[in-house]
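run09.txt follows (compact mmCIF, C-alpha atoms):
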# COMPACT_ATOMS: atom_id res chain seq x y z
CA MET G 694 110.11 200.16 -164.31
CA ASN G 695 112.84 202.55 -163.05
CA TRP G 696 113.84 203.69 -159.60
CA LEU G 697 116.74 205.56 -157.98
CA ARG G 698 117.97 204.37 -154.63
CA GLU G 699 120.55 205.78 -152.22
CA GLY G 700 123.09 203.11 -151.32
CA PRO G 701 125.03 202.65 -148.05
CA ILE G 702 128.37 204.37 -147.41
CA SER G 703 131.37 202.34 -148.54
CA PHE G 704 135.14 202.86 -148.63
CA ALA G 705 137.47 202.71 -151.65
CA HIS G 706 140.41 201.74 -149.38
CA PRO G 707 138.84 200.19 -146.27
CA TRP G 708 142.10 198.63 -145.05
CA LEU G 709 143.42 202.13 -144.26
CA LEU G 710 140.85 202.33 -141.46
CA LEU G 711 143.20 200.10 -139.44
CA LEU G 712 145.28 203.24 -138.89
CA LEU G 713 142.53 204.43 -136.54
CA LEU G 714 143.97 201.99 -133.99
CA LEU G 715 146.96 204.32 -133.71
CA VAL G 716 144.83 207.23 -132.46
CA PRO G 717 144.06 205.83 -128.96
CA VAL G 718 147.70 204.63 -128.69
CA LEU G 719 149.01 208.12 -129.40
CA ALA G 720 146.49 209.62 -126.98
CA PHE G 721 147.64 207.24 -124.24
CA LEU G 722 151.35 207.94 -124.81
CA ARG G 723 150.81 211.68 -124.96
CA GLY G 724 148.71 211.68 -121.80
CA ALA G 725 151.12 209.47 -119.88
CA ARG G 726 154.11 211.67 -120.68
CA GLY G 727 152.50 214.77 -119.17
CA ALA G 728 153.63 218.34 -119.68
CA ALA G 729 157.27 219.17 -120.21
CA PRO G 730 158.89 221.01 -117.21
CA ALA G 731 159.35 224.74 -117.64
CA VAL G 732 162.18 225.03 -115.03
CA ILE G 733 165.18 222.69 -114.89
CA PHE G 734 166.37 221.60 -111.42
CA SER G 735 169.56 219.77 -110.58
CA SER G 736 167.39 217.44 -108.51
CA LEU G 737 163.70 216.47 -108.63
CA ARG G 738 163.43 215.71 -104.94
CA PRO G 739 161.99 219.14 -104.02
CA LEU G 740 159.15 218.53 -106.46
CA HIS G 741 158.14 215.06 -105.25
CA ALA G 742 155.54 216.55 -102.93
CA LEU G 743 153.80 218.19 -105.89
CA GLY G 744 152.86 214.80 -107.33
CA LYS G 745 152.84 213.71 -110.96
CA PRO G 746 152.42 216.50 -113.55
CA ARG G 747 148.93 216.65 -114.98
CA ARG G 748 147.52 218.31 -118.04
CA ALA G 749 145.20 221.25 -117.52
CA ARG G 750 141.56 220.96 -118.61
CA ALA G 751 142.13 223.28 -121.60
CA GLY G 752 145.14 221.23 -122.60
CA GLY G 753 142.99 218.08 -122.45
CA TRP G 754 140.47 219.66 -124.81
CA SER G 755 143.32 220.69 -127.10
CA SER G 756 144.66 217.14 -127.28
CA GLY G 757 141.20 215.73 -127.86
CA LEU G 758 140.67 218.05 -130.81
CA LEU G 759 144.03 217.03 -132.25
CA HIS G 760 143.21 213.31 -131.98
CA ALA G 761 139.75 213.81 -133.47
CA ALA G 762 141.25 215.70 -136.42
CA LEU G 763 143.76 212.89 -136.94
CA ALA G 764 140.92 210.32 -136.96
CA LEU G 765 138.99 212.35 -139.56
CA PHE G 766 142.08 212.55 -141.78
CA ILE G 767 142.54 208.77 -141.60
CA ILE G 768 138.87 208.17 -142.50
CA ALA G 769 139.22 210.64 -145.40
CA LEU G 770 142.31 208.73 -146.55
CA ALA G 771 140.15 205.57 -146.77
CA ARG G 772 137.98 207.54 -149.24
CA PRO G 773 134.37 207.11 -148.08
CA GLN G 774 131.78 207.06 -150.86
CA GLN G 775 128.03 206.97 -151.13
CA GLY G 776 126.56 205.35 -154.20
CA LYS G 777 123.30 205.92 -156.00
CA THR G 778 121.86 202.89 -157.77
CA ARG G 779 119.56 203.39 -160.72
CA SER G 780 117.68 200.20 -161.53
CA HIS G 781 115.63 199.35 -164.60
CA VAL G 782 113.46 196.23 -164.51
CA GLU G 783 111.74 194.67 -167.48
CA ALA G 784 109.39 191.89 -166.42
CA SER G 785 107.56 189.72 -168.90
CA GLY G 786 104.88 188.21 -166.70
CA ILE G 787 102.42 185.39 -167.22
CA ASP G 788 98.64 185.62 -166.88
CA ILE G 789 97.32 182.80 -164.70
CA MET G 790 93.75 181.89 -163.80
CA LEU G 791 93.24 179.46 -160.91
CA VAL G 792 89.97 177.57 -161.42
CA MET G 793 88.95 176.02 -158.11
CA ASP G 794 86.24 173.43 -157.47
CA VAL G 795 84.13 174.33 -154.42
CA SER G 796 81.44 171.68 -154.80
CA SER G 797 80.29 169.76 -151.73
CA SER G 798 82.60 166.79 -152.47
CA MET G 799 85.56 169.03 -151.60
CA ILE G 800 84.58 168.59 -147.93
CA ALA G 801 86.30 165.17 -147.84
CA GLU G 802 89.16 165.28 -145.35
CA ASP G 803 91.90 163.28 -147.05
CA PHE G 804 94.50 166.09 -146.88
CA THR G 805 96.56 167.56 -144.03
CA VAL G 806 97.92 171.00 -143.14
CA GLY G 807 100.40 171.32 -140.30
CA GLY G 808 99.88 167.70 -139.33
CA GLU G 809 96.12 168.16 -138.90
CA ARG G 810 93.41 166.62 -141.08
CA VAL G 811 91.66 169.18 -143.29
CA ASN G 812 89.27 169.11 -146.21
CA ARG G 813 90.41 169.43 -149.81
CA LEU G 814 89.44 173.08 -150.18
CA VAL G 815 91.45 174.15 -147.13
CA ALA G 816 94.49 172.26 -148.42
CA LEU G 817 94.05 173.78 -151.87
CA LYS G 818 93.81 177.33 -150.53
CA ASN G 819 96.92 176.79 -148.41
CA VAL G 820 99.04 175.66 -151.37
CA ALA G 821 97.53 178.26 -153.72
CA GLU G 822 98.52 181.00 -151.29
CA GLN G 823 102.16 179.91 -151.43
CA PHE G 824 102.01 179.71 -155.21
CA ILE G 825 100.62 183.25 -155.48
CA GLU G 826 103.23 184.70 -153.11
CA ALA G 827 106.04 183.16 -155.18
CA ARG G 828 104.92 184.77 -158.47
CA ARG G 829 105.03 188.50 -157.81
CA ASN G 830 105.53 189.45 -161.47
CA ASP G 831 102.51 187.58 -162.81
CA ARG G 832 98.89 188.65 -163.10
CA ILE G 833 96.80 186.05 -161.30
CA GLY G 834 93.03 185.68 -161.03
CA ILE G 835 90.72 183.17 -159.36
CA THR G 836 87.50 181.57 -160.57
CA ALA G 837 85.56 179.23 -158.28
CA PHE G 838 82.84 176.90 -159.46
CA ALA G 839 80.21 174.45 -158.30
CA ALA G 840 77.05 174.16 -160.44
CA HIS G 841 78.03 177.56 -161.89
CA PRO G 842 81.33 179.45 -162.08
CA TYR G 843 81.75 182.75 -160.28
CA LEU G 844 84.62 185.22 -160.22
CA ILE G 845 86.65 185.55 -157.02
CA SER G 846 89.22 187.95 -158.45
CA PRO G 847 90.06 189.23 -161.94
CA LEU G 848 93.66 189.12 -163.15
CA THR G 849 95.72 191.39 -160.94
CA LEU G 850 99.26 192.20 -159.81
CA ASP G 851 97.93 193.26 -156.41
CA HIS G 852 98.61 189.91 -154.78
CA ASP G 853 97.84 191.14 -151.26
CA TRP G 854 94.32 191.96 -152.39
CA LEU G 855 94.18 188.66 -154.28
CA LEU G 856 95.07 186.68 -151.15
CA LYS G 857 92.35 188.45 -149.17
CA ASN G 858 89.83 187.36 -151.81
CA LEU G 859 91.21 183.83 -151.68
CA GLU G 860 90.33 183.73 -147.98
CA ARG G 861 86.68 184.42 -148.90
CA VAL G 862 86.36 181.27 -151.01
CA ARG G 863 83.70 179.02 -149.46
CA MET G 864 82.33 175.59 -150.21
CA ALA G 865 78.95 175.10 -151.86
CA GLN G 866 76.01 173.87 -149.79
CA TYR G 867 77.99 173.28 -146.60
CA GLU G 868 79.27 176.82 -146.01
CA ASP G 869 77.21 179.04 -148.29
CA ARG G 870 73.60 178.09 -149.00
CA GLN G 871 73.45 180.60 -151.86
CA ILE G 872 75.81 178.53 -154.03
CA GLU G 873 74.11 175.77 -155.98
CA ASP G 874 75.93 172.47 -155.63
CA GLY G 875 77.30 170.61 -158.66
CA THR G 876 80.44 170.39 -160.81
CA ALA G 877 80.37 172.51 -163.96
CA ILE G 878 83.90 171.92 -165.26
CA GLY G 879 83.15 173.01 -168.84
CA SER G 880 81.48 176.26 -167.78
CA ALA G 881 84.35 177.02 -165.39
CA ILE G 882 86.97 176.59 -168.13
CA ALA G 883 84.98 178.80 -170.50
CA SER G 884 84.53 181.51 -167.87
CA ALA G 885 88.23 181.55 -166.93
CA ALA G 886 89.32 181.49 -170.59
CA ASN G 887 87.14 184.53 -171.22
CA ARG G 888 89.14 186.38 -168.56
CA LEU G 889 92.42 185.45 -170.27
CA LYS G 890 91.57 186.45 -173.83
CA ASN G 891 92.73 189.70 -175.40
CA ARG G 892 95.81 189.78 -173.22
CA GLU G 893 99.34 190.69 -174.33
CA ALA G 894 101.11 188.51 -171.76
CA LYS G 895 103.98 186.27 -172.81
CA SER G 896 101.91 183.24 -171.84
CA ARG G 897 98.38 182.58 -170.58
CA ILE G 898 97.81 179.71 -168.19
CA LEU G 899 94.67 178.09 -166.80
CA ILE G 900 95.04 175.74 -163.81
CA LEU G 901 91.93 173.62 -163.19
CA LEU G 902 91.61 171.92 -159.80
CA THR G 903 88.68 169.54 -159.21
CA ASP G 904 87.78 166.35 -157.40
CA GLY G 905 84.75 165.25 -159.39
CA GLU G 906 83.01 164.73 -162.69
CA ASN G 907 81.27 167.25 -164.91
CA ASN G 908 77.55 167.11 -164.06
CA ALA G 909 76.35 170.68 -164.57
CA GLY G 910 76.62 173.56 -166.98
CA ARG G 911 75.70 174.02 -170.64
CA ILE G 912 79.14 173.45 -172.18
CA THR G 913 81.15 170.25 -172.12
CA PRO G 914 84.72 170.27 -170.76
CA THR G 915 86.21 169.25 -174.11
CA ASP G 916 84.35 171.96 -176.02
CA ALA G 917 85.57 174.54 -173.51
CA ALA G 918 89.15 173.21 -173.78
CA GLU G 919 88.98 173.43 -177.57
CA ALA G 920 87.86 177.05 -177.38
CA ALA G 921 90.69 177.83 -174.92
CA ASN G 922 93.19 176.22 -177.25
CA VAL G 923 92.04 178.48 -180.08
CA LEU G 924 92.84 181.40 -177.78
CA GLN G 925 96.31 179.88 -177.17
CA ILE G 926 95.61 179.31 -173.49
CA LYS G 927 97.57 176.48 -171.92
CA ILE G 928 95.62 174.26 -169.50
CA TYR G 929 96.94 172.31 -166.54
CA THR G 930 94.47 169.96 -164.84
CA VAL G 931 94.76 168.62 -161.30
CA ALA G 932 92.55 165.80 -160.02
CA MET G 933 92.26 166.01 -156.23
CA GLY G 934 91.48 163.19 -153.82
CA THR G 935 92.93 159.95 -152.54
CA ARG G 936 92.30 156.79 -154.53
CA GLY G 937 89.54 154.45 -153.37
CA PHE G 938 87.63 155.89 -150.42
CA ALA G 939 87.96 159.14 -148.48
CA PRO G 940 86.66 160.18 -145.03
CA VAL G 941 83.71 162.56 -145.29
CA PRO G 942 82.71 164.35 -142.07
CA GLY G 943 79.20 164.51 -140.67
CA TRP G 944 77.47 165.11 -137.35
CA ASP G 945 75.49 162.74 -135.17
CA PRO G 946 72.30 163.75 -133.24
CA PHE G 947 74.49 164.95 -130.35
CA GLY G 948 76.46 167.34 -132.55
CA ARG G 949 79.59 165.23 -132.56
CA LYS G 950 81.74 165.00 -135.67
CA VAL G 951 81.73 161.57 -137.27
CA TYR G 952 83.21 160.26 -140.51
CA GLN G 953 81.87 158.06 -143.26
CA GLN G 954 83.97 156.49 -146.01
CA GLN G 955 82.87 157.71 -149.42
CA GLU G 956 84.09 156.48 -152.79
CA VAL G 957 86.30 158.94 -154.66
CA ARG G 958 85.08 159.44 -158.22
CA VAL G 959 87.26 161.67 -160.38
CA ASP G 960 86.95 161.75 -164.16
CA GLU G 961 90.65 161.34 -164.90
CA PRO G 962 90.22 160.49 -168.63
CA THR G 963 88.38 163.76 -169.29
CA LEU G 964 90.89 165.79 -167.28
CA LYS G 965 93.76 164.19 -169.19
CA LYS G 966 91.99 165.00 -172.45
CA ILE G 967 91.51 168.61 -171.41
CA ALA G 968 95.22 168.97 -170.54
CA GLU G 969 96.21 167.37 -173.85
CA MET G 970 93.97 169.68 -175.84
CA GLY G 971 95.29 172.66 -173.90
CA GLN G 972 98.96 171.79 -174.55
CA GLY G 973 99.39 171.39 -170.80
CA LYS G 974 99.76 168.53 -168.37
CA PHE G 975 97.58 166.37 -166.11
CA PHE G 976 98.37 165.76 -162.42
CA ARG G 977 96.84 163.68 -159.65
CA ALA G 978 97.04 165.04 -156.09
CA THR G 979 96.28 162.33 -153.55
CA ASP G 980 97.55 164.23 -150.50
CA SER G 981 98.91 167.61 -149.43
CA ARG G 982 102.50 166.69 -150.28
CA SER G 983 101.70 165.71 -153.87
CA LEU G 984 99.52 168.82 -154.28
CA LYS G 985 102.44 171.03 -153.21
CA GLN G 986 104.77 169.19 -155.60
CA ILE G 987 102.33 169.76 -158.45
CA PHE G 988 102.23 173.51 -157.85
CA ASP G 989 106.03 173.54 -157.58
CA GLU G 990 106.33 171.75 -160.92
CA ILE G 991 103.92 174.15 -162.61
CA ASP G 992 105.92 177.02 -161.11
CA LYS G 993 109.10 175.65 -162.72
CA LEU G 994 107.43 174.97 -166.06
CA GLU G 995 106.00 178.48 -166.35
CA LYS G 996 108.68 181.03 -165.52
CA SER G 997 108.43 184.78 -165.99
CA THR G 998 111.26 186.66 -167.70
CA ILE G 999 112.90 189.39 -165.62
CA GLU G 1000 115.72 191.63 -166.88
CA LEU G 1001 117.44 193.82 -164.29
CA THR G 1002 119.92 196.55 -165.27
CA GLN G 1003 121.70 198.60 -162.61
CA TYR G 1004 123.75 201.78 -162.92
CA ARG G 1005 125.80 202.99 -159.97
CA GLN G 1006 127.13 206.48 -159.37
CA TYR G 1007 129.47 207.24 -156.48
CA ARG G 1008 129.90 210.52 -154.63
CA ASP G 1009 133.14 211.04 -152.65
CA LEU G 1010 132.65 212.19 -149.07
CA PHE G 1011 136.30 212.73 -148.08
CA PRO G 1012 136.29 216.52 -148.83
CA TRP G 1013 133.76 216.99 -146.04
CA LEU G 1014 135.94 215.01 -143.64
CA LEU G 1015 139.04 216.97 -144.62
CA GLY G 1016 137.19 220.23 -144.03
CA ALA G 1017 136.00 219.05 -140.62
CA GLY G 1018 139.52 217.88 -139.75
CA PHE G 1019 141.10 221.21 -140.65
CA GLY G 1020 138.39 222.95 -138.65
CA LEU G 1021 139.29 220.91 -135.58
CA LEU G 1022 142.97 221.73 -136.11
CA ALA G 1023 142.11 225.42 -136.14
CA LEU G 1024 140.24 225.05 -132.84
CA GLN G 1025 143.18 223.10 -131.41
CA LEU G 1026 145.52 225.96 -132.24
CA ILE G 1027 143.18 228.40 -130.50
CA PHE G 1028 143.06 226.27 -127.36
CA GLY G 1029 146.82 225.66 -127.47
CA GLU G 1030 147.79 229.31 -127.83
CA ALA G 1031 145.14 231.14 -125.84
CA LEU G 1032 143.74 228.76 -123.20
CA ALA G 1033 146.38 226.14 -122.36
CA ARG G 1034 148.11 226.93 -119.03
CA ARG G 1035 151.87 226.50 -118.83
CA LEU G 1036 154.36 226.71 -115.98
CA PRO G 1037 156.43 229.94 -115.93

Encoded form (structure tokens):
Amino acid sequence: MNWLREGPISFAHPWLLLLLLLVPVLAFLRGARGAAPAVIFSSLRPLHALGKPRRARAGGWSSGLLHAALALFIIALARPQQGKTRSHVEASGIDIMLVMDVSSSMIAEDFTVGGERVNRLVALKNVAEQFIEARRNDRIGITAFAAHPYLISPLTLDHDWLLKNLERVRMAQYEDRQIEDGTAIGSAIASAANRLKNREAKSRILILLTDGENNAGRITPTDAAEAANVLQIKIYTVAMGTRGFAPVPGWDPFGRKVYQQQEVRVDEPTLKKIAEMGQGKFFRATDSRSLKQIFDEIDKLEKSTIELTQYRQYRDLFPWLLGAGFGLLALQLIFGEALARRLP
């Protein structure tokens, strides 16, 4: 990727700009001295009633032009330049598929966002959004699954569009009656791996996030992981949910939200096996903090390669300032010779 960009104006000798402080000093001294007398008297007493000598309006313009020209010459001496930067970027990105569990068990509220209790899917979407925004050079896609996997977004570099699709992710049964409930981990891995094959990326990553056990689909998780490994797809697995029991929301006959404690059942041995077969790593996220740390660790483990080369060309601007300065001097001469009023 190449682009040419106009840079800001800089100075080769910026310390010379301090000489500009002399311009107002000279203007003050020249104005305070006033015009030289044209007639010499043996005594100034007869002229006291005339007051202090003052410069005529044309003479004021003449002095102003002279001071402006002097300022332009000083700025030209500092050698102003404007640079053009030509940049060439070579980015070796990574293809990443996020595989997100949206089964009904994800409604358990054992995570927090902004100090407020939220369900697992909300917490997952919040952290996934930050992860996506931090990896601008990688193609990222999203697959969601319950009893069946379905594509949220194919691999794309358009992360703004990807984030809009992430917002559309809904939970099975509770928020979208059209999604059949269940946990088809094997089918989800196979579907996401199919999206990653035949790619020329430096690395291909599959991140599986689930809070349950495989109980749907026609392919087992280990068979799917073995197929992904053949395709040289690395698999990270994340088991979500606190240990023991988690609060699951419900509603009483009066429409009030109530909670029941439900046992958390995550198939950690299978998820560890999947990560091992996929040359990846297994994680356990028991709260929002640990989930964020997991994504941060994956971000560090899987870095894109970016090479940036810059070429800078400078264009001197002082000839324009010199020309403007000499032009002002010419005008000053015109005012001084033709318009300035002098005493006879």

For G:Ala1017, please output as a PDB file with C-alpha atoms, keeping the file's coordinate frame all residues within 9 Å (counting all atoms listed in the file; exclusion window: fewer than 5 positions along the same chain).
ATOM      1  CA  ALA G 762     141.250 215.700-136.420  1.00  0.00           C
ATOM      2  CA  LEU G 765     138.990 212.350-139.560  1.00  0.00           C
ATOM      3  CA  PHE G 766     142.080 212.550-141.780  1.00  0.00           C
ATOM      4  CA  PRO G1012     136.290 216.520-148.830  1.00  0.00           C
ATOM      5  CA  LEU G1022     142.970 221.730-136.110  1.00  0.00           C
TER       6      LEU G1022
END

task: Determine, counting all atoms listed in the file, which protein, DNA and RNA residues have an atom within 9 Å of an atom of G:Gly879; residues of the same chain fewer than 3 positions away are not included. Present the result as a ChimeraX atom specification.
output: /G:876,882-884,907,909-918

Please write the residues from the selection above to a file, keeping C-alpha atoms, as an mmCIF file, in the coordinates of the input.
data_model
loop_
_atom_site.group_PDB
_atom_site.id
_atom_site.type_symbol
_atom_site.label_atom_id
_atom_site.label_comp_id
_atom_site.auth_asym_id
_atom_site.auth_seq_id
_atom_site.Cartn_x
_atom_site.Cartn_y
_atom_site.Cartn_z
ATOM 1 C CA THR G 876 80.440 170.390 -160.810
ATOM 2 C CA ILE G 882 86.970 176.590 -168.130
ATOM 3 C CA ALA G 883 84.980 178.800 -170.500
ATOM 4 C CA SER G 884 84.530 181.510 -167.870
ATOM 5 C CA ASN G 907 81.270 167.250 -164.910
ATOM 6 C CA ALA G 909 76.350 170.680 -164.570
ATOM 7 C CA GLY G 910 76.620 173.560 -166.980
ATOM 8 C CA ARG G 911 75.700 174.020 -170.640
ATOM 9 C CA ILE G 912 79.140 173.450 -172.180
ATOM 10 C CA THR G 913 81.150 170.250 -172.120
ATOM 11 C CA PRO G 914 84.720 170.270 -170.760
ATOM 12 C CA THR G 915 86.210 169.250 -174.110
ATOM 13 C CA ASP G 916 84.350 171.960 -176.020
ATOM 14 C CA ALA G 917 85.570 174.540 -173.510
ATOM 15 C CA ALA G 918 89.150 173.210 -173.780
#

message: If I take atom CA of G:Ala761 and atom CA of G:Gln775, how far is one from the other in Å, to one decimal?
response: 22.3 Å

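Rounded to one decimal, atom CA of G:Glu802 and atom CA of G:Val941 lie 6.1 Å from each other.
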
Shell of 8 Å around stretch 815-830 of chain G, all atoms listed in the file, local chain residues under 4 positions omitted, as a PyMOL selection string: chain G and resi 784-787+804-806+811+850+852+856+859-860+981+984-985+988-989+992+997

- request: Return the single residue from G:Leu889, G:Leu1014, G:Met793, G:Met864 that is closest to G:Pro842, with distances computed using all atoms listed in the file.
  value: G:Met793

Distance in Å - atom CA of G:Asp904 versus atom CA of G:Leu924: 25.8 Å

Around stretch 986-993 of chain G, fit a box with edges along x, y and z, padding it by 3 Å on each side, then list its centre and edge lengths in Å to one decimal as lines of an AutoDock Vina configuration file.
center_x = 105.7
center_y = 173.1
center_z = -159.2
size_x = 12.9
size_y = 13.8
size_z = 13.1
